[in-house]
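Novice: Provided herewith is a single structure, encoded as structure tokens, for subsequent inquiry.
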Amino acid sequence: MGVIAVQLEVMKDYAIKNKVPIVQQEAEDILINLVKQQNPQSILEIGTAIGYSTLVMAAHLPATSHITTIELNEERAEIARNFIQQAGAADRITLLCGDAGELLPQLSGSFDMVFIDAAKGQYPDYLAKIMDKLTKGACIVADNVFFRGMVINEAVDTPRRFRTIVKRLRGYLNTVTADPRFSTTLYKTEDGLAVSYFLEEKTDEAT
Ligand SMILES: C[S@@+](CC[C@H](N)C(=O)[O-])C[C@H]1O[C@@H](n2cnc3c(N)ncnc32)[C@H](O)[C@@H]1O
């Protein structure tokens, strides 16, 4: 077992004990396959938590690839920083602590792959803010897009506190499935995963 693989087991235990939400098994498996197929050089992750999915991706990437990951919560970002350091992956990962909505417009460079796993109600905003940073053929992976079944099942009575999130996730799915610039597959994983390929050249136009 490699250093990162050992570290991932420790992180999984930490996440369970401390109730930190991390990517679930089916979504993790799809993410790993995509990383292997896509072989991305530059990856953006929105929602680091303790860095579990960050290191899952790092474990399957070529040593030349780089991950930029954003986490709002300072305590989690610090824990992620330590885990990444212990895994010996600090030189391949840039961790930014702050609100992705504010940090995304400040990012320079472009990305071959984006993993969106932060505030569910902000997915349309994140998408709009990464549009001008996507390389042709870039893969956007969005987790939890079914949001406990509320997004796809009209019959489920959505509690008032989740209505905005559900409406915005539906908006996100409408965009990536209807906009001809994307080719999207929805996976019925634990909580729904949307994998969208960006078919165009970089554009300044936000959705
Ligand atoms: C589901 S967890 C991420 C799990 C991680 N991707 C993994 O699988 O290991 C979502 C994270 O997004 C962070 N988050 C929520 N809103 C955010 C925002 N506006 N900007 C950056 N991070 C945010 C939360 O603090 C939380 O740690």
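Residues in the structure tokens are named by chain (A, B, ... in the order shown) and by number from 1 within that chain; ligands are numbered from 1 in the order shown.
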To check your reading of the model: which residues sit at most 8 Å from ligand 1 when counting only C-alpha atoms and all ligand atoms? Write the answer as a ChimeraX atom specification.
Specialist: /A:20-24,28,45-54,70-73,76,97-101,115-120,122
Novice: How close does stretch 151-204 of chain A get to stretch 138-146 of chain A? List, as a tab-separated table, each residue of stretch 151-204 of chain A within 10 Å, its nearest atom pair and the distance in Å to one decimal, counting only C-alpha atoms.
Specialist:
residue	atom	partner	partner_atom	distance
A:Val151	CA	A:Phe146	CA	4.8
A:Ile152	CA	A:Phe146	CA	6.0
A:Asn153	CA	A:Phe146	CA	8.6
A:Ile165	CA	A:Val145	CA	9.9
A:Val166	CA	A:Phe146	CA	8.3
A:Arg168	CA	A:Val145	CA	9.8
A:Leu169	CA	A:Val145	CA	6.1
A:Arg170	CA	A:Val145	CA	8.1
A:Tyr172	CA	A:Val145	CA	8.5
A:Leu173	CA	A:Val145	CA	7.7
A:Val176	CA	A:Ile140	CA	9.6
A:Phe182	CA	A:Cys139	CA	9.5
A:Ser183	CA	A:Cys139	CA	9.5
A:Thr184	CA	A:Ile140	CA	9.1
A:Thr185	CA	A:Val141	CA	9.8
A:Leu186	CA	A:Val145	CA	8.8
A:Tyr187	CA	A:Val145	CA	9.5
A:Lys188	CA	A:Phe146	CA	8.4
A:Thr189	CA	A:Asn144	CA	8.6
A:Glu190	CA	A:Asn144	CA	8.0
A:Asp191	CA	A:Asn144	CA	4.7
A:Gly192	CA	A:Phe146	CA	4.8
A:Leu193	CA	A:Asp143	CA	4.7
A:Ala194	CA	A:Ala142	CA	5.1
A:Val195	CA	A:Val141	CA	4.6
A:Ser196	CA	A:Ile140	CA	5.0
A:Tyr197	CA	A:Cys139	CA	4.6
A:Phe198	CA	A:Ala138	CA	5.2
A:Leu199	CA	A:Ala138	CA	7.6
A:Glu200	CA	A:Ala138	CA	9.0
A:Glu201	CA	A:Ala138	CA	9.7
A:Lys202	CA	A:Ala138	CA	9.9
Novice: List every residue of stretch 77-206 of chain A that DSSP, applied to the backbone of this structure, assigns to strand (DSSP E or B), and report them as a PyMOL selection string.
Specialist: chain A and resi 93-97+111-116+134-143+182-187+193-198
Novice: If you keep N, CA and C atoms, can you produce a file of those selected residues as an mmCIF file, in the first residue's frame?
Specialist:
data_model
loop_
_atom_site.group_PDB
_atom_site.id
_atom_site.type_symbol
_atom_site.label_atom_id
_atom_site.label_comp_id
_atom_site.auth_asym_id
_atom_site.auth_seq_id
_atom_site.Cartn_x
_atom_site.Cartn_y
_atom_site.Cartn_z
ATOM 1 N N ILE A 93 -0.448 19.979 -4.543
ATOM 2 C CA ILE A 93 -1.789 20.459 -4.177
ATOM 3 C C ILE A 93 -1.704 21.867 -3.595
ATOM 4 N N THR A 94 -2.522 22.769 -4.145
ATOM 5 C CA THR A 94 -2.626 24.115 -3.584
ATOM 6 C C THR A 94 -3.970 24.215 -2.892
ATOM 7 N N LEU A 95 -3.936 24.443 -1.588
ATOM 8 C CA LEU A 95 -5.187 24.534 -0.836
ATOM 9 C C LEU A 95 -5.486 26.006 -0.537
ATOM 10 N N LEU A 96 -6.646 26.461 -0.975
ATOM 11 C CA LEU A 96 -7.044 27.843 -0.717
ATOM 12 C C LEU A 96 -8.173 27.829 0.299
ATOM 13 N N CYS A 97 -8.037 28.653 1.333
ATOM 14 C CA CYS A 97 -9.092 28.707 2.346
ATOM 15 C C CYS A 97 -9.920 29.962 2.119
ATOM 16 N N PHE A 111 -8.447 24.610 -16.312
ATOM 17 C CA PHE A 111 -8.565 23.302 -15.663
ATOM 18 C C PHE A 111 -9.119 22.256 -16.624
ATOM 19 N N ASP A 112 -8.545 21.050 -16.536
ATOM 20 C CA ASP A 112 -8.998 19.918 -17.353
ATOM 21 C C ASP A 112 -10.083 19.133 -16.633
ATOM 22 N N MET A 113 -10.154 19.332 -15.336
ATOM 23 C CA MET A 113 -11.150 18.592 -14.562
ATOM 24 C C MET A 113 -11.543 19.430 -13.351
ATOM 25 N N VAL A 114 -12.845 19.433 -13.029
ATOM 26 C CA VAL A 114 -13.324 20.171 -11.857
ATOM 27 C C VAL A 114 -14.229 19.242 -11.053
ATOM 28 N N PHE A 115 -13.973 19.149 -9.762
ATOM 29 C CA PHE A 115 -14.845 18.361 -8.885
ATOM 30 C C PHE A 115 -15.590 19.339 -7.987
ATOM 31 N N ILE A 116 -16.901 19.420 -8.182
ATOM 32 C CA ILE A 116 -17.735 20.348 -7.399
ATOM 33 C C ILE A 116 -18.407 19.571 -6.271
ATOM 34 N N LEU A 134 -12.273 26.547 -18.303
ATOM 35 C CA LEU A 134 -12.327 25.148 -18.728
ATOM 36 C C LEU A 134 -11.583 24.952 -20.035
ATOM 37 N N THR A 135 -10.756 23.902 -20.073
ATOM 38 C CA THR A 135 -10.119 23.560 -21.348
ATOM 39 C C THR A 135 -11.131 22.781 -22.190
ATOM 40 N N LYS A 136 -10.885 22.702 -23.493
ATOM 41 C CA LYS A 136 -11.785 21.932 -24.353
ATOM 42 C C LYS A 136 -11.749 20.461 -23.916
ATOM 43 N N GLY A 137 -12.941 19.884 -23.704
ATOM 44 C CA GLY A 137 -13.006 18.481 -23.257
ATOM 45 C C GLY A 137 -12.908 18.325 -21.750
ATOM 46 N N ALA A 138 -12.840 19.458 -21.030
ATOM 47 C CA ALA A 138 -12.744 19.385 -19.565
ATOM 48 C C ALA A 138 -13.933 18.618 -18.986
ATOM 49 N N CYS A 139 -13.651 17.939 -17.892
ATOM 50 C CA CYS A 139 -14.674 17.106 -17.260
ATOM 51 C C CYS A 139 -15.092 17.759 -15.941
ATOM 52 N N ILE A 140 -16.384 18.009 -15.802
ATOM 53 C CA ILE A 140 -16.888 18.606 -14.551
ATOM 54 C C ILE A 140 -17.696 17.540 -13.830
ATOM 55 N N VAL A 141 -17.280 17.241 -12.620
ATOM 56 C CA VAL A 141 -17.962 16.212 -11.827
ATOM 57 C C VAL A 141 -18.661 16.918 -10.670
ATOM 58 N N ALA A 142 -19.979 16.780 -10.592
ATOM 59 C CA ALA A 142 -20.726 17.450 -9.517
ATOM 60 C C ALA A 142 -21.386 16.391 -8.643
ATOM 61 N N ASP A 143 -21.060 16.425 -7.342
ATOM 62 C CA ASP A 143 -21.580 15.387 -6.431
ATOM 63 C C ASP A 143 -22.867 15.850 -5.747
ATOM 64 N N PHE A 182 -22.285 21.268 -23.382
ATOM 65 C CA PHE A 182 -21.954 20.161 -22.471
ATOM 66 C C PHE A 182 -22.514 18.835 -22.965
ATOM 67 N N SER A 183 -21.804 17.788 -22.655
ATOM 68 C CA SER A 183 -22.339 16.435 -22.817
ATOM 69 C C SER A 183 -22.324 15.815 -21.420
ATOM 70 N N THR A 184 -23.510 15.484 -20.929
ATOM 71 C CA THR A 184 -23.625 15.104 -19.506
ATOM 72 C C THR A 184 -24.217 13.719 -19.303
ATOM 73 N N THR A 185 -23.639 13.004 -18.354
ATOM 74 C CA THR A 185 -24.203 11.723 -17.910
ATOM 75 C C THR A 185 -24.520 11.846 -16.425
ATOM 76 N N LEU A 186 -25.723 11.393 -16.051
ATOM 77 C CA LEU A 186 -26.095 11.396 -14.632
ATOM 78 C C LEU A 186 -25.955 9.979 -14.093
ATOM 79 N N TYR A 187 -25.268 9.837 -13.001
ATOM 80 C CA TYR A 187 -25.073 8.523 -12.375
ATOM 81 C C TYR A 187 -25.928 8.431 -11.116
ATOM 82 N N LEU A 193 -24.575 11.800 -9.159
ATOM 83 C CA LEU A 193 -23.329 12.418 -9.625
ATOM 84 C C LEU A 193 -23.537 12.826 -11.081
ATOM 85 N N ALA A 194 -23.222 14.070 -11.397
ATOM 86 C CA ALA A 194 -23.335 14.534 -12.786
ATOM 87 C C ALA A 194 -21.930 14.690 -13.361
ATOM 88 N N VAL A 195 -21.682 14.027 -14.483
ATOM 89 C CA VAL A 195 -20.378 14.144 -15.144
ATOM 90 C C VAL A 195 -20.610 14.827 -16.486
ATOM 91 N N SER A 196 -20.051 16.022 -16.628
ATOM 92 C CA SER A 196 -20.281 16.825 -17.827
ATOM 93 C C SER A 196 -18.968 17.123 -18.523
ATOM 94 N N TYR A 197 -18.956 16.877 -19.828
ATOM 95 C CA TYR A 197 -17.775 17.235 -20.616
ATOM 96 C C TYR A 197 -18.050 18.558 -21.302
ATOM 97 N N PHE A 198 -17.090 19.463 -21.208
ATOM 98 C CA PHE A 198 -17.217 20.767 -21.844
ATOM 99 C C PHE A 198 -16.656 20.645 -23.253
#
Novice: List every residue of stretch 60-189 of chain A that DSSP, applied to the backbone, labels as alpha helix (DSSP H), and write the result as a compact mmCIF listing (two decimals) with N, CA and C atoms, in the first residue's frame.
Specialist:
# COMPACT_ATOMS: atom_id res chain seq x y z
N GLU A 74 -12.04 27.07 8.07
CA GLU A 74 -10.60 27.17 8.38
C GLU A 74 -10.07 25.95 9.12
N GLU A 75 -10.88 25.45 10.04
CA GLU A 75 -10.43 24.30 10.83
C GLU A 75 -10.22 23.08 9.92
N ARG A 76 -11.22 22.85 9.03
CA ARG A 76 -11.09 21.72 8.09
C ARG A 76 -9.90 21.92 7.15
N ALA A 77 -9.72 23.16 6.71
CA ALA A 77 -8.62 23.43 5.78
C ALA A 77 -7.28 23.11 6.44
N GLU A 78 -7.17 23.44 7.72
CA GLU A 78 -5.92 23.17 8.46
C GLU A 78 -5.69 21.66 8.59
N ILE A 79 -6.77 20.94 8.87
CA ILE A 79 -6.66 19.47 8.99
C ILE A 79 -6.27 18.88 7.63
N ALA A 80 -6.91 19.39 6.58
CA ALA A 80 -6.59 18.91 5.23
C ALA A 80 -5.12 19.17 4.91
N ARG A 81 -4.65 20.36 5.28
CA ARG A 81 -3.25 20.72 5.01
C ARG A 81 -2.29 19.71 5.66
N ASN A 82 -2.61 19.35 6.91
CA ASN A 82 -1.77 18.38 7.63
C ASN A 82 -1.80 17.01 6.97
N PHE A 83 -3.01 16.56 6.59
CA PHE A 83 -3.13 15.24 5.95
C PHE A 83 -2.36 15.22 4.61
N ILE A 84 -2.49 16.30 3.88
CA ILE A 84 -1.83 16.38 2.56
C ILE A 84 -0.30 16.35 2.74
N GLN A 85 0.14 17.08 3.76
CA GLN A 85 1.58 17.11 4.09
C GLN A 85 2.08 15.71 4.45
N GLN A 86 1.32 15.05 5.34
CA GLN A 86 1.72 13.70 5.80
C GLN A 86 1.74 12.70 4.64
N ALA A 100 -15.60 29.83 -2.03
CA ALA A 100 -15.34 29.54 -3.45
C ALA A 100 -15.99 30.59 -4.36
N GLY A 101 -17.15 31.07 -3.96
CA GLY A 101 -17.84 32.09 -4.77
C GLY A 101 -16.98 33.32 -4.98
N GLU A 102 -16.16 33.64 -3.96
CA GLU A 102 -15.27 34.81 -4.07
C GLU A 102 -13.93 34.45 -4.70
N LEU A 103 -13.44 33.25 -4.40
CA LEU A 103 -12.10 32.88 -4.88
C LEU A 103 -12.07 32.47 -6.35
N TYR A 123 -24.10 25.58 -6.79
CA TYR A 123 -23.57 24.91 -7.98
C TYR A 123 -23.74 25.75 -9.26
N PRO A 124 -24.91 26.36 -9.50
CA PRO A 124 -25.02 27.19 -10.72
C PRO A 124 -24.02 28.36 -10.71
N ASP A 125 -23.81 28.93 -9.53
CA ASP A 125 -22.86 30.04 -9.42
C ASP A 125 -21.43 29.55 -9.69
N TYR A 126 -21.06 28.41 -9.11
CA TYR A 126 -19.73 27.85 -9.36
C TYR A 126 -19.55 27.59 -10.86
N LEU A 127 -20.58 27.01 -11.47
CA LEU A 127 -20.47 26.68 -12.90
C LEU A 127 -20.23 27.95 -13.72
N ALA A 128 -21.02 28.97 -13.42
CA ALA A 128 -20.86 30.23 -14.16
C ALA A 128 -19.45 30.78 -14.00
N LYS A 129 -18.87 30.61 -12.80
CA LYS A 129 -17.56 31.19 -12.51
C LYS A 129 -16.37 30.35 -13.00
N ILE A 130 -16.64 29.10 -13.40
CA ILE A 130 -15.51 28.30 -13.94
C ILE A 130 -15.53 28.23 -15.46
N ARG A 163 -35.74 24.08 -0.09
CA ARG A 163 -36.34 24.40 -1.41
C ARG A 163 -35.41 25.17 -2.33
N THR A 164 -34.65 26.09 -1.78
CA THR A 164 -33.74 26.88 -2.64
C THR A 164 -32.64 25.98 -3.20
N ILE A 165 -32.10 25.11 -2.33
CA ILE A 165 -31.04 24.19 -2.77
C ILE A 165 -31.56 23.31 -3.90
N VAL A 166 -32.75 22.74 -3.70
CA VAL A 166 -33.33 21.83 -4.70
C VAL A 166 -33.57 22.57 -6.01
N LYS A 167 -34.11 23.79 -5.91
CA LYS A 167 -34.38 24.59 -7.12
C LYS A 167 -33.06 24.87 -7.87
N ARG A 168 -32.03 25.19 -7.12
CA ARG A 168 -30.76 25.53 -7.78
C ARG A 168 -30.07 24.29 -8.35
N LEU A 169 -30.18 23.17 -7.66
CA LEU A 169 -29.59 21.94 -8.23
C LEU A 169 -30.33 21.55 -9.50
N ARG A 170 -31.66 21.75 -9.52
CA ARG A 170 -32.40 21.48 -10.76
C ARG A 170 -31.92 22.42 -11.86
N GLY A 171 -31.65 23.66 -11.49
CA GLY A 171 -31.13 24.64 -12.45
C GLY A 171 -29.79 24.19 -13.00
N TYR A 172 -28.93 23.69 -12.10
CA TYR A 172 -27.61 23.20 -12.53
C TYR A 172 -27.78 22.06 -13.53
N LEU A 173 -28.64 21.09 -13.18
CA LEU A 173 -28.83 19.93 -14.07
C LEU A 173 -29.46 20.35 -15.39
N ASN A 174 -30.40 21.31 -15.35
CA ASN A 174 -30.99 21.80 -16.59
C ASN A 174 -29.92 22.38 -17.51
N THR A 175 -29.02 23.16 -16.92
CA THR A 175 -27.97 23.78 -17.74
C THR A 175 -27.06 22.72 -18.37
N VAL A 176 -26.55 21.81 -17.55
CA VAL A 176 -25.56 20.87 -18.10
C VAL A 176 -26.18 19.80 -19.00
N THR A 177 -27.50 19.62 -18.92
CA THR A 177 -28.12 18.64 -19.81
C THR A 177 -28.71 19.30 -21.06
N ALA A 178 -29.09 20.59 -20.97
CA ALA A 178 -29.73 21.25 -22.13
C ALA A 178 -28.76 22.10 -22.95
Novice: When you look at A:Ser108 with a cut-off of 10 Å (counting only C-alpha atoms), what residues show up, excluding the ones that are within fewer than 3 positions of it in the same chain? I need them as an MDAnalysis selection string.
Specialist: chainID A and resid 104:105 111 132:133
Novice: List the spatial neighbours of A:Val3 as a tab-separated table (two decimals) with N, CA and C atoms, in the first residue's frame - criterion: any atom at most 12 Å away, only C-alpha atoms, same-chain residues fewer than 5 positions off excluded.
Specialist:
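See part11.tsv below for the written result:
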chain	number	residue	atom	x	y	z
A	8	LEU	N	-5.32	7.63	3.35
A	8	LEU	CA	-6.76	7.68	3.05
A	8	LEU	C	-7.57	6.86	4.07
A	9	GLU	N	-7.03	5.74	4.50
A	9	GLU	CA	-7.73	4.92	5.50
A	9	GLU	C	-7.83	5.68	6.82
A	10	VAL	N	-6.75	6.33	7.20
A	10	VAL	CA	-6.75	7.14	8.44
A	10	VAL	C	-7.79	8.25	8.33
A	55	LEU	N	-6.93	13.76	-2.03
A	55	LEU	CA	-5.87	12.75	-2.06
A	55	LEU	C	-6.28	11.52	-2.85
A	56	VAL	N	-7.59	11.22	-2.91
A	56	VAL	CA	-8.05	10.12	-3.77
A	56	VAL	C	-7.64	10.44	-5.21
A	58	ALA	N	-5.32	12.63	-6.19
A	58	ALA	CA	-3.85	12.72	-6.28
A	58	ALA	C	-3.22	11.34	-6.42
A	59	ALA	N	-3.81	10.35	-5.76
A	59	ALA	CA	-3.24	8.99	-5.79
A	59	ALA	C	-3.28	8.38	-7.18
A	83	PHE	N	-3.01	16.56	6.59
A	83	PHE	CA	-3.13	15.24	5.95
A	83	PHE	C	-2.36	15.22	4.61
A	84	ILE	N	-2.49	16.30	3.88
A	84	ILE	CA	-1.83	16.38	2.56
A	84	ILE	C	-0.30	16.35	2.74
A	85	GLN	N	0.14	17.08	3.76
A	85	GLN	CA	1.58	17.11	4.09
A	85	GLN	C	2.08	15.71	4.45
A	86	GLN	N	1.32	15.05	5.34
A	86	GLN	CA	1.72	13.70	5.80
A	86	GLN	C	1.74	12.70	4.64
A	87	ALA	N	0.86	12.94	3.64
A	87	ALA	CA	0.81	12.03	2.49
A	87	ALA	C	1.92	12.33	1.48
A	88	GLY	N	2.68	13.37	1.76
A	88	GLY	CA	3.80	13.74	0.86
A	88	GLY	C	3.32	14.34	-0.44
A	89	ALA	N	2.12	14.97	-0.42
A	89	ALA	CA	1.55	15.47	-1.67
A	89	ALA	C	1.44	17.00	-1.71
